[in-house]
$ cat target07.txt   # compact mmCIF, C-alpha atoms
# COMPACT_ATOMS: atom_id res chain seq x y z
CA MET A 200 -173.59 133.40 -119.86
CA HIS A 201 -174.00 131.02 -122.79
CA ARG A 202 -177.31 129.28 -123.29
CA SER A 203 -175.55 125.91 -122.98
CA TYR A 204 -174.66 126.87 -119.42
CA ARG A 205 -178.28 127.79 -118.72
CA LEU A 206 -179.28 124.31 -119.88
CA ASN A 207 -176.90 122.53 -117.54
CA ASN A 208 -178.38 119.32 -116.00
CA ARG A 209 -181.47 119.30 -118.22
CA LEU A 210 -180.36 116.47 -120.50
CA VAL A 211 -180.46 112.80 -119.68
CA LEU A 212 -176.92 112.00 -120.73
CA LEU A 213 -174.14 113.18 -118.46
CA PHE A 214 -171.13 113.61 -120.67
CA VAL A 215 -168.57 112.63 -118.10
CA PHE A 216 -167.18 109.57 -119.81
CA VAL A 217 -163.82 109.55 -118.07
CA ALA A 218 -165.22 109.81 -114.57
CA VAL A 219 -167.91 107.18 -115.12
CA LEU A 220 -165.56 104.80 -116.84
CA MET A 221 -163.11 104.68 -114.00
CA VAL A 222 -165.78 103.65 -111.49
CA GLY A 223 -166.42 100.30 -113.09
CA CYS A 224 -162.97 99.41 -114.35
CA THR A 225 -160.49 99.26 -111.54
CA THR A 226 -157.51 97.15 -112.45
CA TYR A 227 -157.63 93.55 -111.32
CA ARG A 228 -154.92 92.90 -108.75
CA PRO A 229 -153.51 89.40 -108.36
CA GLN A 230 -154.05 87.84 -104.99
CA SER A 231 -151.01 85.82 -104.15
CA HIS A 232 -153.11 83.32 -102.30
CA MET A 233 -152.61 79.77 -101.23
CA ILE A 234 -154.82 77.03 -102.55
CA PRO A 235 -158.30 78.58 -102.84
CA VAL A 236 -160.88 77.45 -100.32
CA GLU A 237 -163.11 76.09 -103.04
CA GLU A 238 -160.25 73.95 -104.34
CA LEU A 239 -159.19 72.58 -100.99
CA ALA A 240 -162.79 71.86 -100.17
CA THR A 241 -162.83 69.33 -102.99
CA TYR A 242 -159.84 67.42 -101.67
CA ASN A 243 -160.97 64.04 -100.52
CA PRO A 244 -159.48 63.01 -97.19
CA LYS A 245 -159.73 59.43 -98.40
CA ASP A 246 -156.89 60.28 -100.80
CA PHE A 247 -154.63 59.91 -97.81
CA ALA A 248 -153.44 56.35 -97.44
CA HIS A 249 -154.98 55.15 -94.23
CA ARG A 250 -152.88 53.74 -91.48
CA LYS A 251 -154.07 52.00 -88.39
CA SER A 252 -155.43 54.26 -85.75
CA VAL A 253 -153.42 54.87 -82.64
CA ILE A 254 -156.50 53.83 -80.76
CA SER A 255 -158.11 50.69 -82.13
CA SER A 256 -161.69 51.73 -81.50
CA PRO A 257 -163.18 55.21 -82.11
CA SER A 258 -163.75 57.54 -79.22
CA LYS A 259 -167.31 57.54 -77.95
CA ASN A 260 -167.34 61.29 -78.65
CA GLU A 261 -166.03 60.95 -82.21
CA ASP A 262 -169.40 61.35 -83.93
CA ASP A 263 -170.22 64.40 -81.86
CA LEU A 264 -166.82 65.96 -82.57
CA ILE A 265 -167.16 65.28 -86.29
CA MET A 266 -170.54 67.04 -86.44
CA LYS A 267 -169.15 70.08 -84.63
CA ALA A 268 -166.05 70.21 -86.81
CA ILE A 269 -168.09 70.01 -90.01
CA PHE A 270 -170.67 72.53 -88.78
CA TYR A 271 -168.04 75.20 -88.06
CA GLU A 272 -166.16 74.40 -91.26
CA GLN A 273 -169.29 74.88 -93.36
CA ASN A 274 -169.93 78.19 -91.62
CA ASN A 275 -166.36 79.35 -92.33
CA ASP A 276 -165.47 79.45 -88.66
CA PHE A 277 -162.18 77.70 -89.31
CA LYS A 278 -160.61 78.36 -85.92
CA LYS A 279 -163.33 76.45 -84.11
CA SER A 280 -163.41 73.80 -86.78
CA ASN A 281 -159.63 73.43 -86.49
CA TYR A 282 -159.97 72.94 -82.74
CA PHE A 283 -162.28 69.96 -83.20
CA TYR A 284 -160.29 68.41 -86.03
CA LYS A 285 -157.17 68.70 -83.89
CA LYS A 286 -158.98 66.94 -81.09
CA LEU A 287 -160.23 64.24 -83.46
CA TYR A 288 -156.74 63.58 -84.77
CA LYS A 289 -155.29 63.47 -81.29
CA GLU A 290 -157.90 60.96 -80.15
CA THR A 291 -158.00 58.73 -83.25
CA GLY A 292 -154.72 59.26 -85.10
CA LYS A 293 -156.63 59.07 -88.39
CA ASP A 294 -154.92 60.67 -91.38
CA GLU A 295 -158.14 62.21 -92.69
CA TYR A 296 -158.45 64.25 -89.49
CA ARG A 297 -154.83 65.33 -89.74
CA LEU A 298 -155.52 66.56 -93.24
CA LYS A 299 -158.63 68.42 -92.13
CA GLU A 300 -156.75 69.92 -89.18
CA LEU A 301 -154.01 71.18 -91.48
CA LYS A 302 -156.49 72.52 -94.00
CA THR A 303 -158.58 74.47 -91.46
CA ALA A 304 -155.42 75.77 -89.80
CA LEU A 305 -154.39 77.14 -93.20
CA TYR A 306 -157.75 78.85 -93.69
CA ALA A 307 -157.76 80.21 -90.14
CA GLY A 308 -154.21 81.52 -90.39
CA VAL A 309 -153.05 79.61 -87.34
CA THR A 310 -149.93 77.53 -86.86
CA SER A 311 -150.44 73.82 -86.96
CA GLY A 312 -148.32 71.46 -84.90
CA ASN A 313 -148.82 68.83 -87.57
CA THR A 314 -146.80 70.55 -90.30
CA LYS A 315 -143.66 68.58 -89.42
CA LYS A 316 -145.66 65.38 -89.38
CA LEU A 317 -146.99 66.27 -92.83
CA GLN A 318 -143.42 66.48 -94.14
CA GLU A 319 -142.70 63.10 -92.60
CA TYR A 320 -145.85 61.71 -94.19
CA ILE A 321 -144.75 62.96 -97.63
CA ASP A 322 -141.38 61.28 -97.18
CA THR A 323 -143.10 57.97 -96.61
CA HIS A 324 -145.89 58.55 -99.16
CA PRO A 325 -144.12 60.36 -102.02
CA LYS A 326 -146.98 59.89 -104.48
CA ASN A 327 -149.58 61.69 -102.39
CA LEU A 328 -150.28 65.00 -104.19
CA VAL A 329 -152.81 66.25 -101.67
CA ALA A 330 -150.22 66.28 -98.92
CA LYS A 331 -147.74 68.12 -101.14
CA ARG A 332 -150.30 70.79 -101.98
CA LEU A 333 -151.01 71.40 -98.34
CA LEU A 334 -147.37 71.52 -97.38
CA LEU A 335 -146.60 73.93 -100.22
CA SER A 336 -149.41 76.19 -99.07
CA PHE A 337 -148.08 76.21 -95.52
CA TYR A 338 -144.57 77.07 -96.66
CA LEU A 339 -145.91 79.94 -98.78
CA SER A 340 -148.00 81.26 -95.90
CA LYS A 341 -144.90 81.28 -93.68
CA GLN A 342 -142.74 82.83 -96.44
CA ARG A 343 -140.44 79.83 -96.42
CA TYR A 344 -139.78 80.12 -100.12
CA LYS A 345 -136.75 77.84 -100.33
CA GLU A 346 -138.74 74.91 -98.94
CA ALA A 347 -141.71 75.97 -101.08
CA LYS A 348 -139.61 75.67 -104.25
CA GLU A 349 -138.46 72.22 -103.22
CA VAL A 350 -142.04 71.07 -102.79
CA THR A 351 -143.03 72.82 -106.04
CA ASN A 352 -140.43 70.81 -107.92
CA LEU A 353 -141.67 67.57 -106.38
CA LEU A 354 -145.29 68.45 -107.14
CA LEU A 355 -144.73 69.41 -110.78
CA ALA A 356 -142.56 66.34 -111.35
CA GLN A 357 -145.64 64.23 -110.64
CA SER A 358 -148.64 66.33 -111.63
CA THR A 359 -149.97 67.77 -114.88
CA LYS A 360 -153.10 69.25 -113.28
CA ALA A 361 -153.90 72.93 -113.80
CA LEU A 362 -154.43 73.34 -110.08
CA ASP A 363 -150.83 72.41 -109.33
CA PHE A 364 -149.38 74.73 -111.96
CA GLU A 365 -151.47 77.57 -110.58
CA LEU A 366 -150.49 76.84 -106.99
CA SER A 367 -146.81 76.47 -107.88
CA ALA A 368 -146.83 79.82 -109.71
CA ASN A 369 -147.32 81.53 -106.34
CA THR A 370 -143.84 80.41 -105.28
CA TYR A 371 -142.32 82.40 -108.13
CA LEU A 372 -144.74 85.29 -107.84
CA PHE A 373 -143.76 85.76 -104.19
CA THR A 374 -140.07 85.68 -105.06
CA LYS A 375 -140.63 88.13 -107.97
CA ASP A 376 -139.65 85.67 -110.65
CA TYR A 377 -142.50 86.94 -112.78
CA PRO A 378 -141.57 85.25 -116.08
CA LYS A 379 -141.55 81.85 -114.36
CA ALA A 380 -144.86 82.63 -112.64
CA VAL A 381 -146.40 83.56 -115.99
CA GLU A 382 -144.99 80.39 -117.55
CA LEU A 383 -146.66 78.18 -114.94
CA LEU A 384 -149.92 80.11 -115.00
CA THR A 385 -149.96 79.82 -118.79
CA GLU A 386 -149.68 76.04 -118.43
CA ALA A 387 -152.66 76.13 -116.08
CA TYR A 388 -154.65 78.41 -118.39
CA ASN A 389 -153.99 76.29 -121.48
CA LYS A 390 -155.45 73.29 -119.70
CA THR A 391 -158.63 75.01 -118.55
CA TYR A 392 -159.06 78.42 -120.25
CA ASN A 393 -160.02 79.62 -116.81
CA GLU A 394 -160.54 83.37 -116.92
CA ASN A 395 -159.39 83.92 -113.34
CA ILE A 396 -156.01 82.44 -114.25
CA LEU A 397 -155.96 84.65 -117.33
CA LEU A 398 -156.60 87.70 -115.18
CA LYS A 399 -153.65 86.80 -112.96
CA ILE A 400 -151.40 86.42 -116.00
CA THR A 401 -152.39 89.70 -117.61
CA THR A 402 -152.18 91.60 -114.33
CA ILE A 403 -148.63 90.35 -113.82
CA LEU A 404 -147.81 91.32 -117.39
CA VAL A 405 -149.20 94.83 -116.93
CA ASN A 406 -148.26 95.68 -113.35
CA TYR A 407 -144.95 93.89 -112.93
CA MET A 408 -143.49 93.09 -116.34
CA ARG A 409 -144.85 96.17 -118.14
CA ASP A 410 -145.64 94.02 -121.17
CA ILE A 411 -148.95 95.67 -122.01
CA PRO A 412 -149.10 94.50 -125.66
CA GLN A 413 -148.79 90.89 -124.52
CA ALA A 414 -151.53 91.38 -121.92
CA ILE A 415 -153.84 92.89 -124.54
CA SER A 416 -153.05 90.08 -126.97
CA ARG A 417 -153.97 87.41 -124.42
CA LEU A 418 -157.19 89.14 -123.37
CA GLU A 419 -158.27 89.77 -126.96
CA ASN A 420 -157.48 86.18 -127.91
CA HIS A 421 -159.62 84.92 -125.04
CA ARG A 422 -162.41 87.29 -126.01
CA LEU A 423 -162.28 86.06 -129.60
CA ASN A 424 -162.18 82.33 -128.82
CA HIS A 425 -164.01 81.99 -125.51
CA LYS A 426 -166.24 85.05 -125.36
CA CYS A 427 -165.77 87.83 -122.87
CA SER A 428 -167.07 87.71 -119.33
CA GLU A 429 -167.58 90.95 -117.45
CA LYS A 430 -164.34 90.49 -115.51
CA VAL A 431 -162.22 89.88 -118.60
CA CYS A 432 -163.87 92.63 -120.61
CA LEU A 433 -163.53 95.16 -117.82
CA GLN A 434 -159.84 94.44 -117.39
CA LEU A 435 -159.35 94.88 -121.13
CA ILE A 436 -161.32 98.12 -120.99
CA SER A 437 -159.17 99.31 -118.09
CA ILE A 438 -155.98 98.76 -120.09
CA TYR A 439 -157.37 100.49 -123.17
CA PHE A 440 -158.57 103.35 -121.00
CA GLN A 441 -155.10 103.86 -119.56
CA GLN A 442 -153.90 104.09 -123.16
CA ASN A 443 -156.72 106.53 -123.94
CA ASN A 444 -157.79 104.16 -126.70
CA ILE A 445 -161.50 104.90 -126.51
CA SER A 446 -162.25 103.48 -129.96
CA LYS A 447 -161.24 100.03 -128.67
CA ILE A 448 -163.41 100.40 -125.59
CA ILE A 449 -166.68 101.08 -127.38
CA PRO A 450 -167.12 97.68 -129.10
CA ILE A 451 -166.32 95.89 -125.84
CA TYR A 452 -169.01 97.82 -123.99
CA LYS A 453 -171.43 97.05 -126.81
CA ALA A 454 -170.55 93.36 -126.57
CA LEU A 455 -171.05 93.45 -122.80
CA TYR A 456 -174.46 95.05 -123.25
CA LYS A 457 -175.44 92.42 -125.80
CA THR A 458 -174.53 89.52 -123.50
CA THR A 459 -175.67 90.98 -120.17
CA GLN A 460 -178.42 93.44 -121.17
CA LYS A 461 -177.12 95.77 -118.46
CA GLU A 462 -177.95 99.30 -119.49
CA LYS A 463 -174.85 100.74 -117.81
CA TYR A 464 -172.72 99.16 -120.53
CA ALA A 465 -174.87 100.55 -123.33
CA ASN A 466 -174.72 103.98 -121.73
CA ARG A 467 -170.95 103.81 -121.52
CA ALA A 468 -170.71 102.81 -125.16
CA VAL A 469 -172.71 105.94 -126.00
CA GLU A 470 -170.51 108.02 -123.72
CA GLY A 471 -167.51 106.67 -125.62
CA TYR A 472 -168.99 107.80 -128.91
CA VAL A 473 -169.68 111.23 -127.43
CA HIS A 474 -166.16 111.44 -126.05
CA LEU A 475 -164.89 110.88 -129.60
CA LYS A 476 -167.58 113.23 -130.95
CA ASP A 477 -168.79 110.36 -133.13
CA TYR A 478 -172.42 111.36 -132.80
CA ASP A 479 -173.48 109.42 -135.87
CA GLY A 480 -172.06 106.25 -134.32
CA ALA A 481 -173.95 106.91 -131.10
CA ILE A 482 -177.18 107.59 -132.99
CA GLN A 483 -176.84 104.43 -135.04
CA PHE A 484 -176.26 102.35 -131.91
CA LEU A 485 -179.25 103.92 -130.17
CA LYS A 486 -181.52 103.38 -133.15
CA SER A 487 -180.48 99.80 -133.88
CA ASP A 488 -179.25 98.11 -130.67
CA TYR A 489 -180.20 100.15 -127.63
CA ASN A 490 -183.68 101.58 -127.37
CA ASN A 491 -183.32 104.66 -125.21
CA PRO A 492 -185.28 107.59 -126.70
CA GLU A 493 -184.26 110.05 -123.99
CA LEU A 494 -180.60 109.33 -124.56
CA LEU A 495 -181.09 109.56 -128.30
CA TYR A 496 -182.73 112.95 -127.82
CA SER A 497 -179.74 114.09 -125.77
CA ILE A 498 -177.39 113.07 -128.58
CA TYR A 499 -179.48 114.95 -131.13
CA ILE A 500 -179.23 118.08 -128.98
CA GLU A 501 -175.51 117.64 -128.31
CA SER A 502 -174.82 117.22 -132.03
CA LYS A 503 -177.19 120.09 -132.92
CA LYS A 504 -179.44 117.85 -135.00
CA PHE A 505 -182.45 119.90 -134.03
CA ASN A 506 -184.81 118.67 -136.73
CA GLN A 507 -184.39 115.07 -135.57
CA ALA A 508 -184.66 116.22 -131.96
CA ASP A 509 -187.90 118.04 -132.68
CA LYS A 510 -189.46 114.97 -134.34
CA LEU A 511 -188.48 112.80 -131.41
CA VAL A 512 -189.65 115.28 -128.78
CA GLN A 513 -193.08 115.50 -130.42
CA LYS A 514 -193.33 111.73 -130.16
CA LEU A 515 -192.19 111.75 -126.53
CA LYS A 516 -194.75 114.42 -125.65
CA VAL A 517 -197.50 112.03 -126.70
CA GLU A 518 -195.98 108.84 -125.30
CA ARG A 519 -194.64 110.08 -121.96
CA LYS A 520 -197.26 112.72 -121.11
CA ASP A 521 -194.54 114.47 -119.12
CA ALA A 522 -194.48 118.28 -118.85
CA ARG A 523 -190.75 118.17 -119.37
CA TRP A 524 -191.15 117.35 -123.05
CA TYR A 525 -193.31 120.41 -123.64
CA ALA A 526 -190.48 122.53 -122.24
CA GLU A 527 -187.96 120.62 -124.34
CA SER A 528 -190.03 121.20 -127.46
CA ALA A 529 -189.90 124.96 -126.75
CA ILE A 530 -186.12 124.83 -126.36
CA VAL A 531 -185.63 122.77 -129.53
CA LEU A 532 -187.73 125.26 -131.49
CA TYR A 533 -185.71 128.20 -130.18
CA GLU A 534 -182.31 126.55 -130.59
CA SER A 535 -183.06 125.40 -134.15
CA SER A 536 -184.23 128.81 -135.32
CA PRO A 537 -181.66 130.67 -137.48
CA ASN A 538 -183.25 133.97 -136.47
CA LYS A 539 -183.53 134.24 -132.70
CA ASP A 540 -185.57 137.45 -133.03
CA ASP A 541 -188.30 135.98 -135.23
CA LYS A 542 -191.54 137.09 -133.57
CA SER A 543 -193.60 134.18 -134.84
CA MET A 544 -191.06 131.71 -133.52
CA LEU A 545 -190.81 133.47 -130.15
CA SER A 546 -194.59 133.48 -129.84
CA GLU A 547 -194.65 129.71 -130.34
CA VAL A 548 -191.81 129.23 -127.84
CA VAL A 549 -193.76 131.18 -125.21
CA LYS A 550 -196.88 129.14 -125.98
CA ARG A 551 -195.01 125.87 -125.47
CA PHE A 552 -193.38 127.01 -122.23
CA GLU A 553 -196.73 128.19 -120.87
CA LEU A 554 -198.22 124.80 -121.69
CA ALA A 555 -195.35 123.11 -119.85
CA ILE A 556 -196.01 125.29 -116.80
CA GLN A 557 -199.74 124.52 -116.96
CA LYS A 558 -198.89 120.82 -116.99
CA GLY A 559 -196.85 121.24 -113.82
CA ILE A 560 -193.21 121.61 -114.88
CA GLN A 561 -191.09 122.24 -111.78
CA ASN A 562 -187.53 122.06 -113.10
CA THR A 563 -185.71 125.29 -112.26
CA THR A 564 -183.47 125.00 -115.33
CA TYR A 565 -186.53 125.37 -117.55
CA PHE A 566 -187.74 128.32 -115.49
CA ASN A 567 -184.41 130.04 -115.98
CA TYR A 568 -184.34 129.34 -119.71
CA TYR A 569 -187.88 130.61 -120.23
CA GLY A 570 -187.44 133.62 -117.95
CA TYR A 571 -184.25 134.65 -119.71
CA ILE A 572 -185.95 134.56 -123.13
CA LEU A 573 -188.79 136.74 -121.79
CA ILE A 574 -186.17 139.21 -120.51
CA ASP A 575 -183.59 139.16 -123.26
CA LYS A 576 -186.14 139.43 -126.07
CA ALA A 577 -188.13 142.05 -124.12
CA ILE A 578 -191.29 139.95 -124.41
CA ASP A 579 -192.33 140.43 -120.76
CA ILE A 580 -189.41 141.48 -118.58
CA LYS A 581 -191.32 141.64 -115.30
CA LYS A 582 -192.80 138.20 -115.83
CA GLY A 583 -189.35 136.90 -116.74
CA ILE A 584 -187.97 138.24 -113.44
CA ARG A 585 -190.79 136.56 -111.49
CA ILE A 586 -190.04 133.24 -113.15
CA ILE A 587 -186.29 133.60 -112.48
CA LYS A 588 -186.99 134.37 -108.83
CA ARG A 589 -189.05 131.22 -108.70
CA ALA A 590 -185.97 129.26 -109.78
CA LEU A 591 -183.78 131.12 -107.26
CA GLU A 592 -186.06 130.06 -104.40
CA GLU A 593 -184.67 126.56 -104.83
CA GLN A 594 -181.12 127.48 -105.88
CA PRO A 595 -180.37 130.92 -104.42
CA ASP A 596 -176.65 130.78 -105.27
CA SER A 597 -176.94 129.65 -108.89
CA SER A 598 -174.72 131.94 -110.95
CA ALA A 599 -176.76 131.17 -114.08
CA TYR A 600 -180.00 132.23 -112.43
CA LEU A 601 -178.45 135.31 -110.82
CA ASP A 602 -177.05 136.34 -114.21
CA SER A 603 -180.54 136.15 -115.70
CA LEU A 604 -181.98 138.15 -112.80
CA ALA A 605 -179.30 140.84 -113.11
CA TRP A 606 -180.04 141.10 -116.82
CA GLY A 607 -183.73 141.52 -116.02
CA TYR A 608 -183.02 144.35 -113.57
CA TYR A 609 -180.79 145.99 -116.17
CA LYS A 610 -183.51 145.75 -118.80
CA LEU A 611 -185.93 147.48 -116.39
CA GLY A 612 -183.39 150.22 -115.65
CA GLU A 613 -182.95 149.14 -112.02
CA CYS A 614 -179.21 149.74 -112.11
CA LYS A 615 -178.37 149.34 -108.43
CA LYS A 616 -180.05 145.95 -108.21
CA ALA A 617 -178.50 144.90 -111.53
CA ARG A 618 -175.00 145.91 -110.43
CA ILE A 619 -175.22 144.23 -107.00
CA THR A 620 -176.64 141.01 -108.46
CA MET A 621 -174.18 140.87 -111.34
CA LYS A 622 -171.27 141.44 -108.93
CA ARG A 623 -172.30 138.22 -107.15
CA VAL A 624 -172.10 136.38 -110.48
CA VAL A 625 -168.62 137.74 -111.22
CA ASP A 626 -167.44 136.84 -107.72
CA ILE A 627 -168.60 133.25 -108.29
CA GLU A 628 -167.62 132.69 -111.93
CA GLY A 629 -165.03 135.32 -112.79
CA LEU A 630 -165.04 136.90 -116.26
CA LYS A 631 -163.94 133.99 -118.46
CA ASP A 632 -167.43 133.33 -119.81
CA ILE A 633 -168.14 135.67 -122.74
CA GLU A 634 -171.78 136.30 -121.79
CA ILE A 635 -170.94 137.08 -118.16
CA ARG A 636 -168.28 139.49 -119.38
CA THR A 637 -170.73 141.12 -121.82
CA HIS A 638 -173.45 141.53 -119.19
CA TRP A 639 -171.00 142.86 -116.60
CA ASN A 640 -169.50 145.42 -118.95
CA GLU A 641 -172.89 146.65 -120.18
CA ILE A 642 -174.31 146.92 -116.67
CA ARG A 643 -171.20 148.75 -115.39
CA ASN A 644 -171.00 151.14 -118.36
CA GLU A 645 -174.69 151.97 -118.57
CA CYS A 646 -175.29 152.19 -114.86
CA LYS A 647 -172.16 153.93 -113.64
CA GLN A 648 -173.88 157.32 -113.61
CA LYS A 649 -177.07 156.06 -111.98
$ encode --input "target07.txt" --output "structure tokens"
Amino acid sequence: MHRSYRLNNRLVLLFVFVAVLMVGCTTYRPQSHMIPVEELATYNPKDFAHRKSVISSPSKNEDDLIMKAIFYEQNNDFKKSNYFYKKLYKETGKDEYRLKELKTALYAGVTSGNTKKLQEYIDTHPKNLVAKRLLLSFYLSKQRYKEAKEVTNLLLAQSTKALDFELSANTYLFTKDYPKAVELLTEAYNKTYNENILLKITTILVNYMRDIPQAISRLENHRLNHKCSEKVCLQLISIYFQQNNISKIIPIYKALYKTTQKEKYANRAVEGYVHLKDYDGAIQFLKSDYNNPELLYSIYIESKKFNQADKLVQKLKVERKDARWYAESAIVLYESSPNKDDKSMLSEVVKRFELAIQKGIQNTTYFNYYGYILIDKAIDIKKGIRIIKRALEEQPDSSAYLDSLAWGYYKLGECKKARITMKRVVDIEGLKDIEIRTHWNEIRNECKQK
């Protein structure tokens, strides 16, 4: 089994760029919603032209009902709030309560008996935009798209506000007139540069119109002129990822790290470099913009820059005072040596591993690596077997550790044990790995007569 397999899980960086990337970059889906709660909450009931109350003087319970209605509304219990606003409107006939009753009914998803009255109110107060917005939202919620388009036309004939263009776009989104929806949303975006509107536009372009270049163009233009929030950047990353355009993803992750200082974005930028095998780019980023010595060490090892790795590991040994780095220094020395049988080098490797053990190293991967060297180089086969068994106490089914143990038995001439143990490895891994195949063939051939 190759040494790289024996070192599995020892490095900081997990080179699983594709899997990690997908976790944080799910595609934004448009929510074909009515007027958002936060928008309706800003509507001033006083915008309704007041008419005389049905009852000339307020109910003696009006103040109490108002407090209850507002309390439930603020706590997002819109059904209860709607109940009290309905009662207030019935008792007072005030337009502001009718508006509130309609609004909370919309939030609560209940049918309001005042919808028809709202239409009548619009007929007599054609300039009232608040009423039109509410009526449009009700028609959309009931999938009455013909009436919704009629109200949309009335609304847009009077209003130039971004809110109304965004709301009206839902009428066309629901009826799958995507170009018209994008046209209206673009009007809203151009007035505000609101990134949530941009996300709706680009999602429609990608998911429904299949115009990916246009979606990228809009996102990149926003990023260039208005910076890139996490939501916008992550949608752009998601699109580039689907195109397997990793080179475009890396600078966006770097920009996200710069603005947010979230290490996950820096790590993903490095993973992108590794995915492209641009180790020099990753090293440069880690040395200039992202201070992560452990990750830098991992890149040195991955790119086989052992001299740089050795210099860094010597520094980390002093700074971190962690037994792990003594074991890593032994591995770097062995891996960087052109002659794996050099006795002086092997002696130093053993010295460094022993120091790591003295300092309390517990990682079974290091035990396996060290034990295998003791066995394979015939330095101390029995000791190597003891160390491998120590690793197997924690991971008894590890094929890498069992392979090392079988090789130790073989080196001692204990053929039966070697054959039984190596058979377990083959059953787990098969014979694709060159070192497993070599060990299996040698053990079978040499031990078949014993």
$ atom_distance --input "target07.txt" --atom1 "CA of Glu527 in chain A" --atom2 "CA of Leu485 in chain A"
19.7 Å
$ residues_near_point --input "target07.txt" --point "(-193.2, 126.3, -126.2)" --cutoff "7 Å" --atoms "all atoms listed in the file" --output "JSON, numbers by chain"
{"A": [525, 526, 528, 529, 547, 548, 549, 550, 551, 552, 553, 554]}
$ residues_around --input "target07.txt" --residues "Val531 in chain A" --least-positions-apart "5" --cutoff "8 Å" --atoms "only C-alpha atoms" --output "PyMOL selection string"
chain A and resi 500+505+508-509
$ atom_distance --input "target07.txt" --atom1 "CA of Gly570 in chain A" --atom2 "CA of Pro492 in chain A"
27.5 Å
$ residues_around --input "target07.txt" --residues "range 592-594 of chain A" --least-positions-apart "6" --cutoff "12 Å" --atoms "all atoms listed in the file" --output "PyMOL selection string"
chain A and resi 561-564+566-567+585-586+600-601
$ atom_distance --input "target07.txt" --atom1 "CA of Glu501 in chain A" --atom2 "CA of Ile572 in chain A"
20.5 Å
$ closest_residue --input "target07.txt" --among "A:Arg643, A:Arg409, A:Lys267, A:Lys426" --to "Lys457 in chain A" --atoms "only C-alpha atoms"
A:Lys426
$ closest_residue --input "target07.txt" --among "A:Leu366, A:Cys614, A:Val624, A:Ile635" --to "Pro595 in chain A" --atoms "all atoms listed in the file"
A:Val624
$ residues_near_point --input "target07.txt" --point "(-152.5, 70.2, -91.7)" --cutoff "9 Å" --atoms "all atoms listed in the file" --output "MDAnalysis selection string"
chainID A and resid 296:305 311:314 316:317 330 333:334 337
$ residues_around --input "target07.txt" --residues "Ile445 in chain A" --least-positions-apart "2" --cutoff "9 Å" --atoms "only C-alpha atoms" --output "mmCIF file with C-alpha atoms, in the frame of the given file"
data_model
loop_
_atom_site.group_PDB
_atom_site.id
_atom_site.type_symbol
_atom_site.label_atom_id
_atom_site.label_comp_id
_atom_site.auth_asym_id
_atom_site.auth_seq_id
_atom_site.Cartn_x
_atom_site.Cartn_y
_atom_site.Cartn_z
ATOM 1 C CA ILE A 436 -161.320 98.120 -120.990
ATOM 2 C CA TYR A 439 -157.370 100.490 -123.170
ATOM 3 C CA PHE A 440 -158.570 103.350 -121.000
ATOM 4 C CA GLN A 442 -153.900 104.090 -123.160
ATOM 5 C CA ASN A 443 -156.720 106.530 -123.940
ATOM 6 C CA LYS A 447 -161.240 100.030 -128.670
ATOM 7 C CA ILE A 448 -163.410 100.400 -125.590
ATOM 8 C CA ILE A 449 -166.680 101.080 -127.380
ATOM 9 C CA GLY A 471 -167.510 106.670 -125.620
ATOM 10 C CA TYR A 472 -168.990 107.800 -128.910
ATOM 11 C CA HIS A 474 -166.160 111.440 -126.050
ATOM 12 C CA LEU A 475 -164.890 110.880 -129.600
#
$ residues_around --input "target07.txt" --residues "Ala454 in chain A" --least-positions-apart "6" --cutoff "10 Å" --atoms "all atoms listed in the file" --output "ChimeraX atom specification"
/A:426-429,432,460,464-465,468
$ closest_residue --input "target07.txt" --among "A:Gln441, A:Asp410, A:Lys360, A:Glu493" --to "Glu518 in chain A" --atoms "all atoms listed in the file"
A:Glu493
$ residues_around --input "target07.txt" --residues "Lys331 in chain A" --least-positions-apart "2" --cutoff "10 Å" --atoms "only C-alpha atoms" --output "PyMOL selection string"
chain A and resi 317-318+320-321+324-329+333-337+347+350-351+353-354+363
$ closest_residue --input "target07.txt" --among "A:Asn389, A:Ser446, A:Lys615, A:Ile451" --to "Leu423 in chain A" --atoms "only C-alpha atoms"
A:Ile451
